[in-house]
file coords00.txt (compact mmCIF, C-alpha atoms and all ligand atoms)
# COMPACT_ATOMS: atom_id res chain seq x y z
CA MET A 7 91.56 72.48 99.30
CA ILE A 8 93.93 72.76 102.26
CA SER A 9 92.81 70.09 104.72
CA PHE A 10 92.54 70.77 108.41
CA ASN A 11 94.36 67.53 109.23
CA VAL A 12 96.31 64.88 107.33
CA PRO A 13 97.22 61.81 109.44
CA PRO A 14 100.99 61.57 109.94
CA ALA A 15 102.98 59.07 107.88
CA ALA A 16 106.73 59.25 108.33
CA GLY A 17 107.82 56.73 105.68
CA ASN A 18 108.69 53.42 107.36
CA GLU A 19 105.16 52.42 108.39
CA ILE A 20 104.61 49.80 105.67
CA GLU A 21 108.07 48.32 106.23
CA TYR A 22 107.47 47.89 109.96
CA ILE A 23 103.98 46.48 109.49
CA SER A 24 105.48 43.95 107.04
CA GLN A 25 108.09 43.05 109.63
CA ALA A 26 105.38 42.39 112.23
CA ILE A 27 103.58 40.13 109.73
CA GLY A 28 106.85 38.36 108.93
CA LEU A 29 107.49 37.74 112.62
CA HIS A 30 104.06 36.04 112.89
CA LYS A 31 103.24 38.33 115.78
CA ILE A 32 100.37 40.67 115.04
CA CYS A 33 98.53 40.62 118.37
CA GLY A 34 99.67 42.93 121.17
CA ASP A 35 102.87 43.33 123.17
CA GLY A 36 105.41 42.26 120.53
CA ILE A 37 108.64 44.04 119.63
CA PHE A 38 107.01 47.18 118.22
CA THR A 39 104.85 47.67 121.30
CA ARG A 40 107.95 47.21 123.47
CA ARG A 41 109.95 49.71 121.41
CA CYS A 42 107.19 52.29 121.65
CA SER A 43 106.77 51.81 125.43
CA LYS A 44 110.48 52.06 126.06
CA TRP A 45 110.72 55.17 123.89
CA LEU A 46 107.85 56.79 125.80
CA GLU A 47 109.44 55.93 129.14
CA GLU A 48 112.79 57.39 128.11
CA GLN A 49 111.20 60.45 126.54
CA THR A 50 108.97 61.28 129.52
CA GLY A 51 110.70 59.79 132.55
CA THR A 52 107.51 58.01 133.62
CA ALA A 53 107.90 54.77 135.60
CA LYS A 54 105.83 52.83 133.07
CA ALA A 55 104.17 53.54 129.72
CA LEU A 56 101.66 50.98 128.42
CA LEU A 57 100.24 51.26 124.92
CA THR A 58 96.44 51.16 124.84
CA THR A 59 93.77 50.90 122.19
CA SER A 60 92.93 54.61 122.61
CA CYS A 61 93.31 57.54 124.97
CA THR A 62 89.67 56.91 125.89
CA HIS A 63 90.75 53.47 127.10
CA ALA A 64 93.80 54.89 128.87
CA LEU A 65 91.43 57.18 130.76
CA GLU A 66 89.18 54.19 131.55
CA MET A 67 92.21 52.32 132.88
CA ALA A 68 93.15 55.33 135.02
CA ALA A 69 89.61 55.44 136.45
CA LEU A 70 89.86 51.72 137.28
CA LEU A 71 93.35 52.07 138.81
CA ALA A 72 92.12 55.04 140.84
CA ASP A 73 89.28 52.80 142.06
CA ILE A 74 86.64 55.42 141.28
CA GLN A 75 83.33 54.35 142.83
CA PRO A 76 79.69 55.35 142.24
CA GLY A 77 79.04 58.72 143.83
CA ASP A 78 82.67 59.85 143.73
CA GLU A 79 83.32 63.25 142.24
CA VAL A 80 85.94 64.15 139.65
CA ILE A 81 86.89 67.72 138.76
CA MET A 82 87.65 68.69 135.16
CA PRO A 83 87.04 71.46 132.62
CA ALA A 84 83.87 71.32 130.48
CA TYR A 85 85.94 72.43 127.50
CA THR A 86 87.26 69.00 126.57
CA PHE A 87 86.55 65.87 124.56
CA VAL A 88 83.75 63.58 125.81
CA SER A 89 86.18 60.78 126.76
CA THR A 90 87.66 62.81 129.60
CA ALA A 91 84.26 62.61 131.33
CA ASP A 92 83.05 59.26 129.95
CA ALA A 93 85.84 57.28 131.63
CA PHE A 94 84.64 58.37 135.07
CA VAL A 95 80.92 58.35 134.28
CA LEU A 96 81.31 54.66 133.36
CA ARG A 97 82.44 54.05 136.96
CA GLY A 98 79.38 55.88 138.31
CA ALA A 99 81.19 59.09 139.20
CA LYS A 100 79.74 62.57 139.11
CA VAL A 101 81.66 65.00 136.94
CA VAL A 102 82.19 68.46 138.42
CA PHE A 103 83.10 71.03 135.78
CA VAL A 104 84.92 74.24 136.59
CA ASP A 105 85.59 77.20 134.33
CA ILE A 106 88.64 77.58 132.08
CA ARG A 107 91.24 80.32 131.71
CA PRO A 108 90.64 82.34 128.56
CA ASP A 109 94.37 82.57 127.74
CA THR A 110 95.10 78.83 127.43
CA MET A 111 91.58 77.30 127.41
CA ASN A 112 92.83 75.07 130.26
CA ILE A 113 91.12 74.51 133.62
CA ASP A 114 91.45 77.57 135.87
CA GLU A 115 93.65 76.23 138.67
CA ASN A 116 92.36 78.92 141.03
CA LEU A 117 88.76 77.65 140.82
CA ILE A 118 89.48 74.03 141.66
CA GLU A 119 89.71 74.24 145.44
CA ASP A 120 86.22 75.71 145.81
CA ALA A 121 84.73 72.77 143.87
CA ILE A 122 86.17 70.13 146.23
CA THR A 123 83.74 68.25 148.48
CA GLU A 124 84.20 65.21 150.74
CA ARG A 125 83.28 63.07 147.69
CA THR A 126 86.02 64.46 145.43
CA ARG A 127 88.59 61.85 144.42
CA ALA A 128 90.51 63.25 141.47
CA ILE A 129 91.41 66.30 139.42
CA VAL A 130 91.65 65.78 135.66
CA PRO A 131 93.61 68.57 133.96
CA VAL A 132 93.39 68.60 130.15
CA HIS A 133 96.41 70.12 128.41
CA TYR A 134 94.63 71.83 125.54
CA ALA A 135 96.60 72.22 122.32
CA GLY A 136 99.66 70.68 124.00
CA VAL A 137 99.98 73.70 126.30
CA SER A 138 100.26 72.66 129.92
CA CYS A 139 97.87 73.46 132.76
CA GLU A 140 99.36 75.10 135.88
CA MET A 141 100.57 71.78 137.25
CA ASP A 142 102.46 73.12 140.30
CA ARG A 143 99.27 74.59 141.72
CA ILE A 144 97.10 71.62 140.68
CA CYS A 145 99.46 69.08 142.27
CA GLN A 146 99.70 71.19 145.42
CA ILE A 147 95.89 71.26 145.77
CA ALA A 148 95.78 67.51 145.15
CA ARG A 149 98.39 66.87 147.86
CA GLU A 150 96.61 69.05 150.40
CA HIS A 151 93.24 67.39 149.79
CA HIS A 152 94.53 63.84 149.16
CA LEU A 153 93.27 63.72 145.59
CA LEU A 154 94.66 61.96 142.57
CA VAL A 155 95.82 63.86 139.49
CA ILE A 156 94.92 62.16 136.20
CA GLU A 157 96.29 64.10 133.24
CA ASP A 158 94.43 64.07 129.97
CA ALA A 159 97.58 64.61 127.92
CA ALA A 160 95.94 63.30 124.73
CA GLN A 161 97.41 66.24 122.79
CA GLY A 162 100.58 66.53 124.83
CA LEU A 163 103.32 64.23 123.55
CA MET A 164 106.65 66.16 123.21
CA ALA A 165 105.29 69.05 125.30
CA SER A 166 106.41 69.89 128.82
CA TYR A 167 105.82 71.95 131.95
CA LYS A 168 108.90 73.27 133.75
CA GLY A 169 110.95 70.53 132.14
CA GLN A 170 108.53 67.68 132.96
CA ALA A 171 106.79 65.82 130.14
CA LEU A 172 103.01 66.25 130.03
CA GLY A 173 101.30 63.11 131.31
CA ALA A 174 104.26 62.21 133.51
CA ILE A 175 103.54 64.83 136.19
CA GLY A 176 100.38 63.51 137.87
CA ASP A 177 99.59 60.01 139.18
CA TYR A 178 98.37 58.88 135.76
CA GLY A 179 98.79 60.36 132.31
CA CYS A 180 96.76 59.51 129.20
CA ILE A 181 98.05 60.02 125.65
CA SER A 182 96.29 59.66 122.31
CA PHE A 183 97.61 58.30 119.03
CA HIS A 184 94.40 58.91 117.12
CA GLU A 185 94.92 60.02 113.51
CA THR A 186 94.25 63.65 114.48
CA LYS A 187 97.14 63.74 116.95
CA ASN A 188 100.81 64.62 116.30
CA TYR A 189 101.86 60.94 116.34
CA SER A 190 99.40 58.27 115.33
CA MET A 191 98.63 54.57 115.06
CA GLY A 192 95.17 55.06 113.58
CA GLU A 193 93.40 54.44 116.86
CA GLY A 194 95.53 54.07 119.97
CA GLY A 195 96.97 55.65 123.06
CA ALA A 196 99.08 55.11 126.13
CA ILE A 197 98.82 55.32 129.88
CA TYR A 198 101.71 56.52 132.03
CA LEU A 199 102.02 55.26 135.60
CA LYS A 200 103.97 57.35 138.08
CA ASP A 201 103.91 54.74 140.87
CA PRO A 202 105.84 51.53 140.07
CA ALA A 203 103.62 49.74 142.61
CA LYS A 204 100.69 50.18 140.18
CA ILE A 205 102.40 48.51 137.21
CA GLU A 206 101.25 44.95 137.92
CA GLU A 207 97.64 45.98 138.53
CA ALA A 208 97.65 48.02 135.32
CA GLU A 209 99.05 45.10 133.30
CA ILE A 210 96.31 42.85 134.69
CA ILE A 211 93.48 45.29 133.88
CA ARG A 212 94.88 45.73 130.37
CA GLU A 213 95.10 41.94 129.78
CA LYS A 214 91.49 40.92 130.53
CA GLY A 215 92.09 40.60 134.25
CA THR A 216 94.79 37.97 133.78
CA ASN A 217 98.47 37.87 134.75
CA ARG A 218 99.43 37.08 131.17
CA SER A 219 102.10 39.81 131.03
CA LYS A 220 103.98 38.10 133.85
CA PHE A 221 103.57 34.78 132.03
CA PHE A 222 105.08 36.22 128.83
CA ARG A 223 108.07 37.47 130.80
CA GLY A 224 108.57 33.95 132.15
CA GLN A 225 107.89 35.03 135.73
CA ILE A 226 105.11 32.42 136.20
CA ASP A 227 104.54 29.11 134.41
CA LYS A 228 100.83 29.51 133.64
CA TYR A 229 98.53 32.47 133.61
CA THR A 230 95.14 32.82 135.17
CA TRP A 231 92.25 35.16 135.84
CA VAL A 232 93.18 37.26 138.87
CA ASP A 233 91.01 40.39 138.76
CA ALA A 234 88.37 42.27 136.79
CA GLY A 235 89.80 43.63 133.57
CA SER A 236 89.29 44.27 129.89
CA SER A 237 91.25 44.24 126.64
CA TYR A 238 93.15 47.48 126.30
CA LEU A 239 96.21 46.40 124.33
CA PRO A 240 96.59 47.41 120.69
CA SER A 241 97.75 45.09 117.92
CA GLU A 242 101.38 45.02 116.76
CA LEU A 243 100.23 46.31 113.37
CA ASN A 244 99.18 49.56 115.02
CA ALA A 245 102.30 49.71 117.18
CA ALA A 246 104.47 49.18 114.07
CA TYR A 247 102.77 52.18 112.45
CA LEU A 248 103.40 54.27 115.55
CA TRP A 249 107.04 53.24 115.83
CA ALA A 250 107.77 54.68 112.38
CA GLN A 251 106.75 58.06 113.78
CA LEU A 252 108.28 57.93 117.23
CA GLU A 253 111.56 57.14 115.53
CA VAL A 254 111.46 60.56 113.85
CA ALA A 255 109.52 62.37 116.57
CA ASP A 256 111.91 65.33 116.63
CA GLU A 257 111.52 65.88 112.91
CA ILE A 258 107.72 65.83 113.18
CA ASN A 259 107.81 68.12 116.21
CA THR A 260 110.15 70.59 114.50
CA TRP A 261 107.94 70.66 111.43
CA ARG A 262 104.83 71.43 113.45
CA LEU A 263 106.54 74.08 115.55
CA ARG A 264 107.77 75.76 112.37
CA CYS A 265 104.19 75.84 111.01
CA TRP A 266 102.94 77.21 114.32
CA GLU A 267 105.59 79.93 114.37
CA GLN A 268 104.86 80.92 110.78
CA TYR A 269 101.17 81.35 111.58
CA ARG A 270 102.07 83.38 114.67
CA GLN A 271 104.36 85.71 112.77
CA LEU A 272 102.03 86.22 109.84
CA LEU A 273 98.97 86.79 112.03
CA THR A 274 100.50 89.01 114.72
CA PRO A 275 99.69 92.26 112.82
CA LEU A 276 96.05 91.12 112.47
CA ALA A 277 95.98 90.54 116.23
CA GLU A 278 97.56 93.95 116.84
CA GLN A 279 94.81 95.50 114.73
CA GLY A 280 92.37 93.93 117.20
CA ARG A 281 90.75 91.63 114.62
CA ILE A 282 91.73 88.32 116.19
CA GLN A 283 93.44 86.89 119.26
CA LEU A 284 96.37 84.50 119.14
CA PRO A 285 97.06 81.62 121.54
CA THR A 286 99.13 82.15 124.69
CA VAL A 287 101.92 79.83 125.83
CA PRO A 288 102.69 80.66 129.48
CA GLU A 289 106.22 80.86 130.84
CA GLY A 290 107.60 77.41 131.66
CA CYS A 291 105.41 75.64 129.09
CA VAL A 292 106.98 74.13 126.00
CA HIS A 293 104.27 73.18 123.51
CA ASN A 294 104.35 70.77 120.56
CA GLY A 295 102.59 72.64 117.76
CA HIS A 296 99.56 70.39 118.15
CA MET A 297 97.18 73.13 117.13
CA PHE A 298 97.09 76.68 115.87
CA TYR A 299 93.89 78.43 116.77
CA ILE A 300 92.69 82.01 116.54
CA LYS A 301 89.82 83.65 118.36
CA VAL A 302 87.40 85.97 116.60
CA LYS A 303 84.68 88.28 117.96
CA ASP A 304 81.87 85.80 118.48
CA LEU A 305 79.99 82.76 117.19
CA GLU A 306 78.42 84.69 114.32
CA GLU A 307 81.72 86.02 113.02
CA ARG A 308 83.25 82.57 113.35
CA SER A 309 80.49 80.97 111.27
CA LEU A 310 80.97 83.58 108.53
CA LEU A 311 84.73 83.05 108.62
CA ILE A 312 84.47 79.24 108.41
CA ARG A 313 82.22 79.62 105.36
CA TYR A 314 84.54 82.17 103.76
CA LEU A 315 87.64 80.03 104.35
CA ASP A 316 85.82 77.04 102.88
CA GLN A 317 84.93 79.03 99.75
CA GLN A 318 88.60 79.96 99.42
CA GLY A 319 89.70 76.32 99.75
CA VAL A 320 90.72 76.28 103.42
CA ASN A 321 89.27 73.76 105.84
CA ALA A 322 89.21 75.38 109.31
CA VAL A 323 87.17 73.90 112.15
CA PHE A 324 85.77 74.83 115.54
CA HIS A 325 86.26 72.57 118.54
CA TYR A 326 84.50 71.29 121.66
CA ILE A 327 80.92 72.11 122.53
CA PRO A 328 81.26 72.47 126.33
CA LEU A 329 80.26 69.21 128.00
CA HIS A 330 78.02 70.75 130.66
CA THR A 331 75.62 71.92 127.94
CA ALA A 332 75.35 68.45 126.31
CA PRO A 333 72.53 66.04 127.28
CA ALA A 334 74.92 63.60 129.01
CA GLY A 335 76.74 66.48 130.68
CA LEU A 336 73.48 67.65 132.20
CA GLN A 337 72.74 64.13 133.39
CA TYR A 338 76.14 63.13 134.78
CA GLY A 339 77.74 66.43 135.66
CA ARG A 340 77.31 69.80 137.26
CA PHE A 341 79.09 73.06 136.64
CA HIS A 342 80.53 74.47 139.83
CA GLY A 343 80.62 78.26 139.91
CA GLU A 344 79.93 80.51 136.98
CA ASP A 345 80.57 79.75 133.31
CA VAL A 346 82.34 83.00 132.50
CA TYR A 347 84.72 81.79 129.82
CA THR A 348 83.97 78.17 128.88
CA THR A 349 81.04 78.83 126.54
CA ARG A 350 82.04 82.28 125.37
CA GLU A 351 85.63 81.43 124.48
CA SER A 352 84.72 78.08 122.89
CA GLU A 353 82.37 79.93 120.53
CA ARG A 354 85.17 82.27 119.41
CA LEU A 355 87.81 79.64 118.76
CA LEU A 356 88.76 78.48 115.27
CA ARG A 357 91.46 75.90 114.44
CA LEU A 358 93.55 76.44 111.30
CA PRO A 359 95.06 73.67 109.13
CA MET A 360 97.97 72.02 110.95
CA TYR A 361 99.72 68.78 110.14
CA TYR A 362 103.10 67.22 109.46
CA GLY A 363 103.70 68.04 105.80
CA LEU A 364 101.75 71.30 105.70
CA ARG A 365 103.81 73.66 103.53
CA GLU A 366 104.96 77.23 104.02
CA ASP A 367 103.12 78.47 100.94
CA GLN A 368 99.91 76.89 102.20
CA ILE A 369 100.23 78.69 105.53
CA SER A 370 100.91 81.97 103.72
CA TYR A 371 97.78 81.39 101.68
CA VAL A 372 95.65 80.73 104.79
CA ALA A 373 96.98 83.96 106.32
CA GLU A 374 96.22 85.85 103.12
CA VAL A 375 92.62 84.63 103.14
CA LEU A 376 92.26 85.69 106.78
CA TYR A 377 93.54 89.20 106.05
CA HIS A 378 91.17 89.40 103.14
CA PHE A 379 88.21 88.40 105.27
CA PHE A 380 88.99 91.15 107.77
CA ASP A 381 89.66 93.61 104.94
CA GLU A 382 93.20 94.23 106.13
CA LYS A 383 96.52 94.10 104.30
CA LEU A 384 99.06 91.33 104.91
C1 LIG A 401 91.80 62.99 121.22
C2 LIG A 401 91.45 63.24 122.62
C3 LIG A 401 90.92 62.23 123.45
C4 LIG A 401 90.53 60.87 122.94
O1 LIG A 401 91.55 60.19 122.33
P1 LIG A 401 91.22 58.79 121.60
O2 LIG A 401 92.59 58.21 121.42
O3 LIG A 401 90.56 59.13 120.31
O4 LIG A 401 90.38 57.99 122.49
C5 LIG A 401 90.67 62.53 124.77
N1 LIG A 401 90.92 63.73 125.28
C6 LIG A 401 91.41 64.75 124.52
C7 LIG A 401 91.68 66.07 125.15
C8 LIG A 401 91.68 64.53 123.17
O5 LIG A 401 92.15 65.54 122.43
call {"tool": "encode", "arguments": {"input": "coords00.txt", "output": "structure tokens", "more": "lines below"}}
Ligand SMILES: *Cc1c(COP(=O)(O)O)cnc(C)c1O
result
Amino acid sequence: MISFNVPPAAGNEIEYISQAIGLHKICGDGIFTRRCSKWLEEQTGTAKALLTTSCTHALEMAALLADIQPGDEVIMPAYTFVSTADAFVLRGAKVVFVDIRPDTMNIDENLIEDAITERTRAIVPVHYAGVSCEMDRICQIAREHHLLVIEDAAQGLMASYKGQALGAIGDYGCISFHETKNYSMGEGGAIYLKDPAKIEEAEIIREKGTNRSKFFRGQIDKYTWVDAGSSYLPSELNAAYLWAQLEVADEINTWRLRCWEQYRQLLTPLAEQGRIQLPTVPEGCVHNGHMFYIKVKDLEERSLLIRYLDQQGVNAVFHYIPLHTAPAGLQYGRFHGEDVYTTRESERLLRLPMYYGLREDQISYVAEVLYHFFDEKL
């Protein structure tokens, strides 16, 4: 069976975890956390990168830093993971969904302005599959209407938009290191802060509402409770695991891009025969091979194809059920405008096996099975 995902392991994970144990420092913010943060800051150019216990928690931190209040509105696509919405719903906000673009599955930047009301506080673009949203337009709208931009860049590490790293473009950026992402620490994530003036507040929220981070840096001689906060810092054991991958991030990225390109080349004739559609990467966007998806005719064809692939030993999976159709989406959100693409395109989308370590012959085999299903010749 060719798995859909295998969590990344680059080789030095056990060694680094042992080092953390040997240093008698397994709680958060030790040397591995610092190495990872510094690497992220250098890689993305963000003012500050803080490791978190998940991207979900990074989004929660962003909602707290943005001071989202009950009744505020936040604009996002409905084609996303639940956490994108949950973080704001926890603060009492109303989620306003707008339709996506069928080419990238990202929020349609041209539909955002119409969804803005006097209660709107933030736009939350989700960079699906590590392919950027139209950030120039989104940031321009945000500037004109005095809104914050909080990027859900969970899938976006090593990807960029016009030379800027995803997550480091808006006011806040949220990254995931879940085991399904390109770089992992089991469960974990990071928040990027664009404004250096927000660093202290973010450190306090992340450390249970205390100024412990300042204390550890020797800037104060005892720490105390200064604000409302929670515990959003991951253990050094997780950071040590992550460091082993960030250290060889280029190698992992190159591997994934090679897989992605092989799929694209092998499947282009099938797309030209009109059987499937391949993903689009707009000009100016550099992606990271997070995902290779195809689109088929409809939900029925996709179900048949998933079953067929499974019988042939290939684990391919669909993705998000649009949030506005879920019970909580109905309760906490509303869809502004018409759902032209969100539901229809989500029902056509199928993700093929993709992970660091996936081999060329396995990709060729997946392609072969796809051609066979459509009764075409590879
Ligand atoms: C994975 C993912 C998340 C959640 O990440 P966790 O680290 O598991 O909390 C949020 N948004 C998107 C778009 C994701 O892909």
call {"tool": "residues_around", "arguments": {"input": "coords00.txt", "residues": "segment 334-347 of chain A", "least_positions_apart": "5", "cutoff": "6 Å", "atoms": "all atoms listed in the file", "output": "list in words"}}
result
Lys100, Val101, Val102, Phe103, Val104, Asp105 and Leu329 of chain A
call {"tool": "residues_near_ligand", "arguments": {"input": "coords00.txt", "ligand": "ligand LIG 401 (chain A)", "cutoff": "8 Å", "atoms": "all atoms listed in the file", "output": "list in words"}}
result
Thr59, Ser60, Cys61, Thr62, His63, Ala64, Thr86, Phe87, Val88, Ser89, Thr90, Val132, His133, Tyr134, Asp158, Ala159, Ala160, Gln161, Ile181, Ser182, Phe183, His184, Thr186, Lys187, Glu193, Gly194 and Gly195 of chain A
call {"tool": "residues_around", "arguments": {"input": "coords00.txt", "residues": "segment 25-34 of chain A", "least_positions_apart": "4", "cutoff": "9 Å", "atoms": "only C-alpha atoms", "output": "number ranges by chain"}}
result
A: 20-21, 38-39, 239-246
call {"tool": "atom_distance", "arguments": {"input": "coords00.txt", "atom1": "atom CA of Asp304 of chain A", "atom2": "atom CA of Arg350 of chain A"}}
result
7.7 Å
call {"tool": "residues_around", "arguments": {"input": "coords00.txt", "residues": "Tyr299 of chain A", "least_positions_apart": "5", "cutoff": "9 Å", "atoms": "all atoms listed in the file", "output": "PDB file with C-alpha atoms, in the frame of the given file"}}
result
ATOM      1  CA  ALA A 135      96.600  72.220 122.320  1.00  0.00           C
ATOM      2  CA  GLN A 283      93.440  86.890 119.260  1.00  0.00           C
ATOM      3  CA  LEU A 284      96.370  84.500 119.140  1.00  0.00           C
ATOM      4  CA  PRO A 285      97.060  81.620 121.540  1.00  0.00           C
ATOM      5  CA  PHE A 324      85.770  74.830 115.540  1.00  0.00           C
ATOM      6  CA  LEU A 355      87.810  79.640 118.760  1.00  0.00           C
ATOM      7  CA  LEU A 356      88.760  78.480 115.270  1.00  0.00           C
ATOM      8  CA  ARG A 357      91.460  75.900 114.440  1.00  0.00           C
ATOM      9  CA  LEU A 358      93.550  76.440 111.300  1.00  0.00           C
TER      10      LEU A 358
END
call {"tool": "closest_residue", "arguments": {"input": "coords00.txt", "among": "A:Ser370, A:Tyr229, A:Phe379, A:Glu257", "to": "Glu307 of chain A", "atoms": "all atoms listed in the file"}}
result
A:Phe379
call {"tool": "axis_aligned_box", "arguments": {"input": "coords00.txt", "around": "segment 319-333 of chain A", "padding_each_side": "5 Å", "output": "lines of an AutoDock Vina configuration file"}}
result
center_x = 81.6
center_y = 71.2
center_z = 115.2
size_x = 28.2
size_y = 20.3
size_z = 40.9
call {"tool": "atom_distance", "arguments": {"input": "coords00.txt", "atom1": "atom CA of Arg40 of chain A", "atom2": "atom CA of Ile197 of chain A"}}
result
13.8 Å
call {"tool": "atom_distance", "arguments": {"input": "coords00.txt", "atom1": "atom CA of His330 of chain A", "atom2": "atom CA of Leu70 of chain A"}}
result
23.4 Å
call {"tool": "closest_residue", "arguments": {"input": "coords00.txt", "among": "A:Gly77, A:Pro275, A:Gly290, A:Gly295", "to": "Asp256 of chain A", "atoms": "all atoms listed in the file"}}
result
A:Gly295
call {"tool": "closest_residue", "arguments": {"input": "coords00.txt", "among": "A:Asp78, A:Glu253, A:Glu124, A:Glu19", "to": "Trp45 of chain A", "atoms": "all atoms listed in the file"}}
result
A:Glu253
call {"tool": "closest_residue", "arguments": {"input": "coords00.txt", "among": "A:Gln75, A:Ser24, A:Thr126, A:Asn259", "to": "Asn294 of chain A", "atoms": "only C-alpha atoms"}}
result
A:Asn259
call {"tool": "residues_around", "arguments": {"input": "coords00.txt", "residues": "Met360 of chain A", "least_positions_apart": "3", "cutoff": "10 Å", "atoms": "only C-alpha atoms", "output": "ChimeraX atom specification"}}
result
/A:8-12,186,188,262-263,265-266,269,295-299,322,357,363-365,369
call {"tool": "residues_around", "arguments": {"input": "coords00.txt", "residues": "Leu46 of chain A", "least_positions_apart": "6", "cutoff": "12 Å", "atoms": "all atoms listed in the file", "output": "ChimeraX atom specification"}}
result
/A:39-40,52-57,163-164,171-174,179-181,189,195-199,248-249,252-253,255
call {"tool": "write_last_selection", "arguments": {"input": "coords00.txt", "atoms": "C-alpha atoms", "output": "tab-separated table (two decimals), in the frame of the given file"}}
result
chain	number	residue	atom	x	y	z
A	39	THR	CA	104.85	47.67	121.30
A	40	ARG	CA	107.95	47.21	123.47
A	52	THR	CA	107.51	58.01	133.62
A	53	ALA	CA	107.90	54.77	135.60
A	54	LYS	CA	105.83	52.83	133.07
A	55	ALA	CA	104.17	53.54	129.72
A	56	LEU	CA	101.66	50.98	128.42
A	57	LEU	CA	100.24	51.26	124.92
A	163	LEU	CA	103.32	64.23	123.55
A	164	MET	CA	106.65	66.16	123.21
A	171	ALA	CA	106.79	65.82	130.14
A	172	LEU	CA	103.01	66.25	130.03
A	173	GLY	CA	101.30	63.11	131.31
A	174	ALA	CA	104.26	62.21	133.51
A	179	GLY	CA	98.79	60.36	132.31
A	180	CYS	CA	96.76	59.51	129.20
A	181	ILE	CA	98.05	60.02	125.65
A	189	TYR	CA	101.86	60.94	116.34
A	195	GLY	CA	96.97	55.65	123.06
A	196	ALA	CA	99.08	55.11	126.13
A	197	ILE	CA	98.82	55.32	129.88
A	198	TYR	CA	101.71	56.52	132.03
A	199	LEU	CA	102.02	55.26	135.60
A	248	LEU	CA	103.40	54.27	115.55
A	249	TRP	CA	107.04	53.24	115.83
A	252	LEU	CA	108.28	57.93	117.23
A	253	GLU	CA	111.56	57.14	115.53
A	255	ALA	CA	109.52	62.37	116.57
